[in-house]
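Q: Contents of upload.cif (mmCIF, C-alpha atoms) are given next:
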data_start
loop_
_atom_site.label_atom_id
_atom_site.label_comp_id
_atom_site.auth_asym_id
_atom_site.auth_seq_id
_atom_site.Cartn_x
_atom_site.Cartn_y
_atom_site.Cartn_z
CA MET A 999 0.00 0.00 0.00
CA ALA A 1000 1.33 3.46 -0.92
CA ALA A 1001 2.35 5.68 1.97
CA ARG A 1002 -0.16 8.33 2.90
CA LYS A 1003 1.11 11.69 1.71
CA ASP A 1004 0.90 14.66 4.05
CA ILE A 1005 -0.65 17.88 2.78
CA ASP A 1006 1.23 21.15 3.28
CA GLY A 1007 -1.57 23.58 4.09
CA SER A 1008 0.82 26.54 3.93
CA ALA A 1009 1.71 25.96 0.27
CA SER A 1010 -1.45 27.55 -1.20
CA VAL A 1011 -5.03 28.46 -0.41
CA PRO A 1012 -6.38 25.35 -2.23
CA GLN A 1013 -4.06 23.12 -0.20
CA PHE A 1014 -5.11 24.80 3.05
CA TYR A 1015 -8.76 24.00 2.35
CA GLY A 1016 -7.84 20.55 1.07
CA LYS A 1017 -6.00 19.74 4.29
CA GLU A 1018 -8.95 20.98 6.34
CA LEU A 1019 -11.31 18.87 4.23
CA ARG A 1020 -9.30 15.73 4.89
CA PHE A 1021 -9.14 16.52 8.62
CA LYS A 1022 -12.91 17.04 8.88
CA ARG A 1023 -13.67 13.95 6.80
CA GLU A 1024 -11.44 11.70 8.88
CA GLU A 1025 -12.69 13.28 12.10
CA ALA A 1026 -16.20 12.26 11.02
CA GLY A 1027 -14.98 8.73 10.32
CA LEU A 1028 -15.83 8.92 6.62
CA THR A 1029 -13.98 7.48 3.64
CA LEU A 1030 -13.73 9.38 0.37
CA GLU A 1031 -16.48 7.13 -0.96
CA GLY A 1032 -18.68 7.93 1.99
CA LEU A 1033 -18.27 11.67 1.61
CA VAL A 1034 -19.05 11.85 -2.11
CA GLU A 1035 -22.06 9.53 -1.81
CA GLY A 1036 -25.15 11.45 -2.86
CA SER A 1037 -23.19 13.99 -4.92
CA PHE A 1038 -22.44 14.02 -8.63
CA TYR A 1039 -18.68 13.70 -8.07
CA GLY A 1040 -16.28 10.77 -7.88
CA VAL A 1041 -13.68 9.64 -5.36
CA THR A 1042 -10.73 10.71 -7.54
CA TYR A 1043 -12.19 14.18 -7.90
CA LEU A 1044 -12.53 14.62 -4.12
CA SER A 1045 -9.09 13.17 -3.46
CA GLU A 1046 -7.52 15.73 -5.79
CA ILE A 1047 -9.36 18.52 -3.95
CA GLU A 1048 -7.93 17.28 -0.67
CA ARG A 1049 -4.42 17.42 -2.13
CA GLY A 1050 -4.96 20.96 -3.43
CA GLN A 1051 -4.83 19.87 -7.07
CA ARG A 1052 -8.41 20.90 -7.80
CA ARG A 1053 -10.66 23.68 -6.62
CA MET A 1054 -13.93 22.70 -5.02
CA PRO A 1055 -17.06 23.66 -6.98
CA LEU A 1056 -19.79 25.33 -4.95
CA ASP A 1057 -22.33 22.52 -5.25
CA LEU A 1058 -19.82 19.99 -3.93
CA ALA A 1059 -18.81 22.36 -1.12
CA GLN A 1060 -22.45 22.67 -0.09
CA HIS A 1061 -22.80 18.88 -0.13
CA VAL A 1062 -19.66 18.50 2.02
CA ASP A 1063 -20.94 21.10 4.50
CA ARG A 1064 -24.21 19.19 4.86
CA VAL A 1065 -22.56 15.80 5.36
CA LEU A 1066 -19.79 17.02 7.68
CA ARG A 1067 -22.02 19.60 9.41
CA THR A 1068 -19.40 22.29 8.97
CA ASP A 1069 -21.87 25.19 8.97
CA GLY A 1070 -21.06 26.45 5.47
CA PHE A 1071 -17.28 26.57 6.01
CA PHE A 1072 -16.33 25.03 2.67
CA ALA A 1073 -19.00 26.90 0.71
CA ARG A 1074 -17.74 30.18 2.16
CA GLY A 1075 -14.18 29.20 1.30
CA CYS A 1076 -14.97 28.54 -2.37
CA GLU A 1077 -14.59 32.20 -3.29
CA ASP A 1078 -11.25 32.46 -1.48
CA VAL A 1079 -9.98 29.39 -3.30
CA ARG A 1080 -11.30 30.64 -6.65
CA LYS A 1081 -9.50 33.94 -6.29
CA ALA A 1082 -6.29 32.49 -4.91
CA LYS A 1083 -3.11 32.72 -6.87
CA GLN A 1084 -1.41 29.39 -7.58
CA GLY A 1085 2.32 30.07 -7.34
CA ALA A 1086 3.24 32.74 -9.88
CA HIS A 1087 0.03 32.45 -11.89
CA ALA A 1088 -2.58 35.18 -11.95
CA ALA A 1089 -5.78 34.31 -10.11
CA TYR A 1090 -7.81 34.03 -13.31
CA PHE A 1091 -5.30 31.62 -14.88
CA ALA A 1092 -4.47 29.40 -11.87
CA PRO A 1093 -7.42 27.00 -12.42
CA VAL A 1094 -6.38 26.62 -16.07
CA ALA A 1095 -2.80 25.74 -15.10
CA GLU A 1096 -4.18 23.12 -12.72
CA ALA A 1097 -6.54 21.72 -15.36
CA GLU A 1098 -3.69 21.29 -17.87
CA GLN A 1099 -2.21 18.60 -15.65
CA ARG A 1100 -5.45 16.57 -15.86
CA ALA A 1101 -6.28 17.15 -19.51
CA LEU A 1102 -6.43 14.37 -22.06
CA THR A 1103 -6.37 16.84 -24.97
CA ILE A 1104 -5.42 20.50 -25.26
CA ASP A 1105 -6.22 22.53 -28.38
CA GLU A 1106 -5.02 26.12 -28.62
CA TRP A 1107 -5.22 29.06 -31.03
CA CYS A 1108 -2.64 31.78 -30.47
CA ASN A 1109 -2.55 35.08 -32.32
CA ALA A 1110 -0.61 37.42 -30.01
CA LEU A 1111 2.14 35.37 -28.34
CA ILE A 1112 3.72 31.96 -28.64
CA PRO A 1113 1.76 29.84 -26.15
CA GLY A 1114 3.18 29.64 -22.65
CA LEU A 1115 3.59 25.86 -22.77
CA LEU A 1116 6.00 26.27 -25.71
CA GLN A 1117 8.02 29.29 -24.57
CA ILE A 1118 11.72 29.18 -23.76
CA PRO A 1119 12.94 31.31 -20.80
CA ALA A 1120 14.23 34.16 -23.00
CA TYR A 1121 10.84 34.56 -24.66
CA THR A 1122 8.98 34.39 -21.35
CA ARG A 1123 11.30 36.98 -19.83
CA ALA A 1124 10.66 39.38 -22.71
CA VAL A 1125 6.89 38.92 -22.41
CA ILE A 1126 6.92 39.53 -18.65
CA ARG A 1127 9.08 42.64 -18.98
CA SER A 1128 6.69 43.99 -21.59
CA THR A 1129 3.47 43.27 -19.70
CA HIS A 1130 4.75 43.81 -16.13
CA PRO A 1131 7.60 46.32 -16.44
CA LEU A 1132 7.79 46.90 -12.67
CA SER A 1133 8.37 43.22 -11.83
CA THR A 1134 11.57 42.60 -9.87
CA PRO A 1135 14.20 40.16 -11.22
CA GLU A 1136 13.17 37.72 -8.48
CA GLU A 1137 9.51 37.93 -9.50
CA ILE A 1138 10.41 37.38 -13.14
CA ASP A 1139 12.53 34.34 -12.29
CA THR A 1140 9.64 32.90 -10.26
CA LYS A 1141 7.23 33.33 -13.17
CA ILE A 1142 9.68 31.75 -15.60
CA ALA A 1143 10.16 28.76 -13.29
CA SER A 1144 6.39 28.40 -12.99
CA ARG A 1145 5.96 28.40 -16.76
CA LEU A 1146 8.71 25.81 -17.21
CA LYS A 1147 7.02 23.66 -14.58
CA ARG A 1148 3.79 23.75 -16.61
CA ALA A 1149 5.68 22.51 -19.67
CA LYS A 1150 6.83 19.37 -17.83
CA LEU A 1151 3.59 17.77 -18.96
CA PHE A 1152 5.38 17.13 -22.28
CA GLU A 1153 7.66 14.70 -20.44
CA ASP A 1154 4.78 12.22 -20.56
CA PRO A 1155 5.15 10.53 -23.97
CA LYS A 1156 1.40 10.33 -24.62
CA LYS A 1157 -0.72 12.68 -22.52
CA PRO A 1158 -2.01 15.23 -23.15
CA GLU A 1159 -2.44 15.36 -26.90
CA TYR A 1160 -1.56 18.98 -27.64
CA TRP A 1161 -2.61 20.64 -30.90
CA VAL A 1162 -1.81 24.30 -31.50
CA VAL A 1163 -2.68 26.68 -34.33
CA MET A 1164 -0.40 29.74 -34.39
CA SER A 1165 -0.59 32.89 -36.45
CA GLU A 1166 2.31 33.23 -38.90
CA SER A 1167 2.99 36.66 -37.38
CA LEU A 1168 4.31 34.92 -34.24
CA VAL A 1169 6.99 33.28 -36.38
CA ARG A 1170 7.85 36.29 -38.55
CA ASN A 1171 7.76 39.12 -35.99
CA PRO A 1172 10.31 38.41 -33.24
CA VAL A 1173 9.98 39.80 -29.74
CA ILE A 1174 13.51 38.65 -28.81
CA PRO A 1175 16.89 38.85 -30.61
CA ALA A 1176 17.34 36.73 -33.73
CA ALA A 1177 19.56 34.08 -32.13
CA GLU A 1178 17.10 33.58 -29.29
CA MET A 1179 14.17 33.54 -31.71
CA ALA A 1180 15.92 30.78 -33.66
CA GLU A 1181 16.24 28.85 -30.39
CA GLN A 1182 12.57 29.43 -29.62
CA LEU A 1183 11.39 28.13 -32.99
CA GLY A 1184 13.86 25.25 -32.79
CA HIS A 1185 12.41 24.27 -29.41
CA ILE A 1186 8.90 24.07 -30.89
CA ALA A 1187 10.17 22.14 -33.91
CA GLU A 1188 11.83 19.58 -31.63
CA LEU A 1189 8.58 19.01 -29.74
CA VAL A 1190 6.81 18.56 -33.08
CA ARG A 1191 9.40 16.05 -34.30
CA ARG A 1192 9.06 14.14 -31.02
CA GLY A 1193 5.33 13.85 -31.60
CA ARG A 1194 4.48 15.78 -28.43
CA VAL A 1195 3.03 18.78 -30.26
CA PHE A 1196 0.89 18.98 -33.37
CA LEU A 1197 1.42 22.37 -35.00
CA GLN A 1198 -0.43 24.28 -37.69
CA ILE A 1199 0.41 27.79 -38.81
CA LEU A 1200 -2.29 30.15 -40.08
CA PRO A 1201 -0.75 32.16 -42.97
CA TRP A 1202 -0.64 35.92 -42.58
CA ASN A 1203 -2.81 36.36 -45.70
CA ALA A 1204 -5.40 33.71 -44.81
CA GLN A 1205 -9.05 34.57 -45.19
CA THR A 1206 -10.35 36.56 -42.21
CA LEU A 1207 -12.23 34.21 -39.92
CA PRO A 1208 -14.20 34.62 -36.69
CA PHE A 1209 -12.20 34.84 -33.45
CA THR A 1210 -8.83 35.45 -35.14
CA ALA A 1211 -8.30 38.26 -32.62
CA LEU A 1212 -9.17 36.08 -29.63
CA THR A 1213 -6.90 33.53 -27.98
CA LEU A 1214 -8.72 30.22 -27.46
CA LEU A 1215 -7.75 27.18 -25.41
CA PHE A 1216 -9.82 23.98 -25.20
CA MET A 1217 -9.35 21.09 -22.79
CA GLU A 1218 -11.04 17.71 -22.58
CA PHE A 1219 -10.81 15.39 -19.58
CA GLU A 1220 -11.51 11.82 -18.61
CA ASP A 1221 -14.20 12.55 -16.01
CA GLU A 1222 -15.02 16.25 -16.45
CA ALA A 1223 -16.93 18.35 -18.92
CA PRO A 1224 -14.77 20.08 -21.55
CA LEU A 1225 -13.96 23.75 -21.11
CA VAL A 1226 -12.70 26.69 -23.12
CA TYR A 1227 -10.48 29.50 -21.88
CA THR A 1228 -10.15 32.91 -23.54
CA GLU A 1229 -7.70 35.60 -22.55
CA GLY A 1230 -7.10 39.30 -23.12
CA PRO A 1231 -4.69 41.82 -21.57
CA TYR A 1232 -4.64 41.23 -17.78
CA HIS A 1233 -7.80 39.14 -17.73
CA GLY A 1234 -9.11 35.72 -18.69
CA GLN A 1235 -12.37 33.80 -18.71
CA THR A 1236 -13.14 30.10 -18.35
CA VAL A 1237 -16.29 28.85 -20.06
CA ASP A 1238 -17.80 25.41 -19.37
CA ASP A 1239 -21.34 25.94 -20.64
CA PRO A 1240 -21.72 23.11 -23.21
CA SER A 1241 -23.55 25.24 -25.78
CA LEU A 1242 -20.92 28.00 -25.65
CA VAL A 1243 -18.03 25.52 -25.73
CA LYS A 1244 -19.59 24.03 -28.86
CA GLN A 1245 -19.80 27.44 -30.56
CA TYR A 1246 -16.21 28.30 -29.71
CA ARG A 1247 -15.14 24.89 -30.95
CA LYS A 1248 -16.72 25.47 -34.34
CA ALA A 1249 -14.81 28.74 -34.69
CA TYR A 1250 -11.56 26.99 -33.75
CA ASP A 1251 -12.20 24.22 -36.26
CA ARG A 1252 -12.63 26.82 -39.02
CA LEU A 1253 -9.29 28.38 -38.06
CA ARG A 1254 -7.64 24.98 -38.08
CA ALA A 1255 -9.09 24.17 -41.51
CA ALA A 1256 -7.65 27.42 -42.92
CA ALA A 1257 -4.17 26.80 -41.49
CA LEU A 1258 -1.30 25.03 -43.23
CA PRO A 1259 -1.17 21.27 -42.64
CA PRO A 1260 1.28 20.06 -39.97
CA GLU A 1261 3.99 18.98 -42.41
CA ALA A 1262 4.03 22.33 -44.21
CA SER A 1263 3.84 24.18 -40.89
CA LEU A 1264 6.95 22.39 -39.62
CA VAL A 1265 8.84 23.28 -42.81
CA LEU A 1266 7.84 26.95 -42.44
CA LEU A 1267 8.93 26.94 -38.80
CA GLU A 1268 12.31 25.36 -39.52
CA GLU A 1269 12.97 27.69 -42.45
CA ALA A 1270 12.18 30.70 -40.24
CA ALA A 1271 14.52 29.41 -37.54
CA GLU A 1272 17.29 29.02 -40.11
CA ASP A 1273 16.68 32.55 -41.40
CA TYR A 1274 17.04 33.96 -37.89
CA ARG A 1275 20.31 32.08 -37.45
CA HIS A 1276 21.67 33.74 -40.58
CA GLY A 1277 20.14 37.17 -40.01
CA GLN A 1278 17.67 36.89 -42.87
CA GLN A 1279 13.90 37.10 -43.14
CA ARG A 1280 11.68 35.80 -45.91
CA PRO A 1281 8.61 37.67 -47.15
#
Show me this structure written as structure tokens.
A:
Amino acid sequence: MAARKDIDGSASVPQFYGKELRFKREEAGLTLEGLVEGSFYGVTYLSEIERGQRRMPLDLAQHVDRVLRTDGFFARGCEDVRKAKQGAHAAYFAPVAEAEQRALTIDEWCNALIPGLLQIPAYTRAVIRSTHPLSTPEEIDTKIASRLKRAKLFEDPKKPEYWVVMSESLVRNPVIPAAEMAEQLGHIAELVRRGRVFLQILPWNAQTLPFTALTLLFMEFEDEAPLVYTEGPYHGQTVDDPSLVKQYRKAYDRLRAAALPPEASLVLLEEAAEDYRHGQQRP
């Protein structure tokens, strides 16, 4: 039997509430199965909440309060947990970073920046300095480390399946020096060659399509409803309403259909990387 892992309640707000949930459940003499009985959630879901890996939805918190007779403690804490920052992530993005670790598939459309999961440290540093010019070097290093930690999901050879459609402008218009840009594109190309990333590039002169100005990220899970995340400057929104997710998905599929196929996209990416290495740029 695997050793029972302690929960560090000081690590984050979600872990604080998760530790308290485990304490109250065990104090009541209930197993995970016993606590979720009568709810719409499974044992794995509740276990991940206890470990601080998920945030408790309000309906489950209300169920837990009723069963454990905790006088609304967990329901009241839902808002605190929802707003909490997870490490260096902004409050609105923290749940998305958590969900990435559970996702079976991730599909992303990026028009403004190379997606965070694919960024090298030099690119991330330039983005942070541009968007948060008053950040200290220590704060920047923390954010870079957090982004690199997210990208560790590519160490799994199979999960998640990650498909990204990127605007050609992200390849042609560098935000870092040419040598570093060549490294950035080379990093993406290596992930593509390894089969960990499926890449399509939307040409700069492609037909104008809906949502080209809006970043979109879709995730599908084994035991959760799919969700879509959209982001703008200093804000983001998670959508899990099935009808809205379906509409966003149709727009994404149209973008993907207009993009270059993966083989041609990889060639374009590698040619651009080579141009940066030699100080050239193609039209």
Q: Go through A:Leu1266, A:Leu1030, A:Ala1095, A:Leu1066 and flag the residue nearest Tyr1227 (chain A), using all atoms listed in the file for the distances.
A: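 Among the listed residues, the smallest separation from Tyr1227 (chain A) belongs to A:Ala1095.
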Q: Would you place a box with edges along x, y and z of the file around all atoms of region 1191-1210 of chain A listed there, add 4 Å to each of its six sides, and report the centre and edge lengths in Å to one decimal, as AutoDock Vina command-line options?
A:
--center_x -2.4 --center_y 25.2 --center_z -37.1 --size_x 31.6 --size_y 30.7 --size_z 25.3
Q: Select, from A:Arg1170, A:Gly1027, A:Leu1189, A:Ile1126, the residue with the minimum atom-to-atom distance to Ala1149 (chain A), counting only C-alpha atoms.
A: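 Selected residue with least distance to Ala1149 (chain A): A:Leu1189.
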Q: Starting from the displayed file, determine the output of the PyMOL selection byres ((chain A and resi 1173-1185) around 10) and express the residue list as an MDAnalysis selection string.
A: chainID A and resid 1111:1112 1116:1125 1128 1168:1172 1186:1190 1264 1267:1278
Q: Show which residues sit within 10 Å of Gly1075 (chain A), as a VMD selection string. Count only C-alpha atoms, and ignore same-chain residues fewer than 3 positions away.
A: chain A and resid 1011 to 1012 1015 1054 1056 1059 1070 to 1072 1078 to 1080
Q: Quote the spacing between CA of Ser1045 (chain A) and CA of Thr1029 (chain A) in Å to one decimal place.
A: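 Answer for the CA of Ser1045 (chain A) to CA of Thr1029 (chain A) separation: 10.3 Å.
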Q: Rounded to one decimal, what separation in Å do you get between CA of Arg1074 (chain A) and CA of Tyr1039 (chain A)?
A: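 Answer for the CA of Arg1074 (chain A) to CA of Tyr1039 (chain A) separation: 19.4 Å.
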Q: Please write as a ChimeraX atom specification the list of polymer residues whose atoms come within 10 Å of (-5.9, 33.8, -31.9), counting only C-alpha atoms and keeping to the coordinates of the file.
A: /A:1106-1111,1163-1165,1200,1208-1215,1228-1229,1250,1253
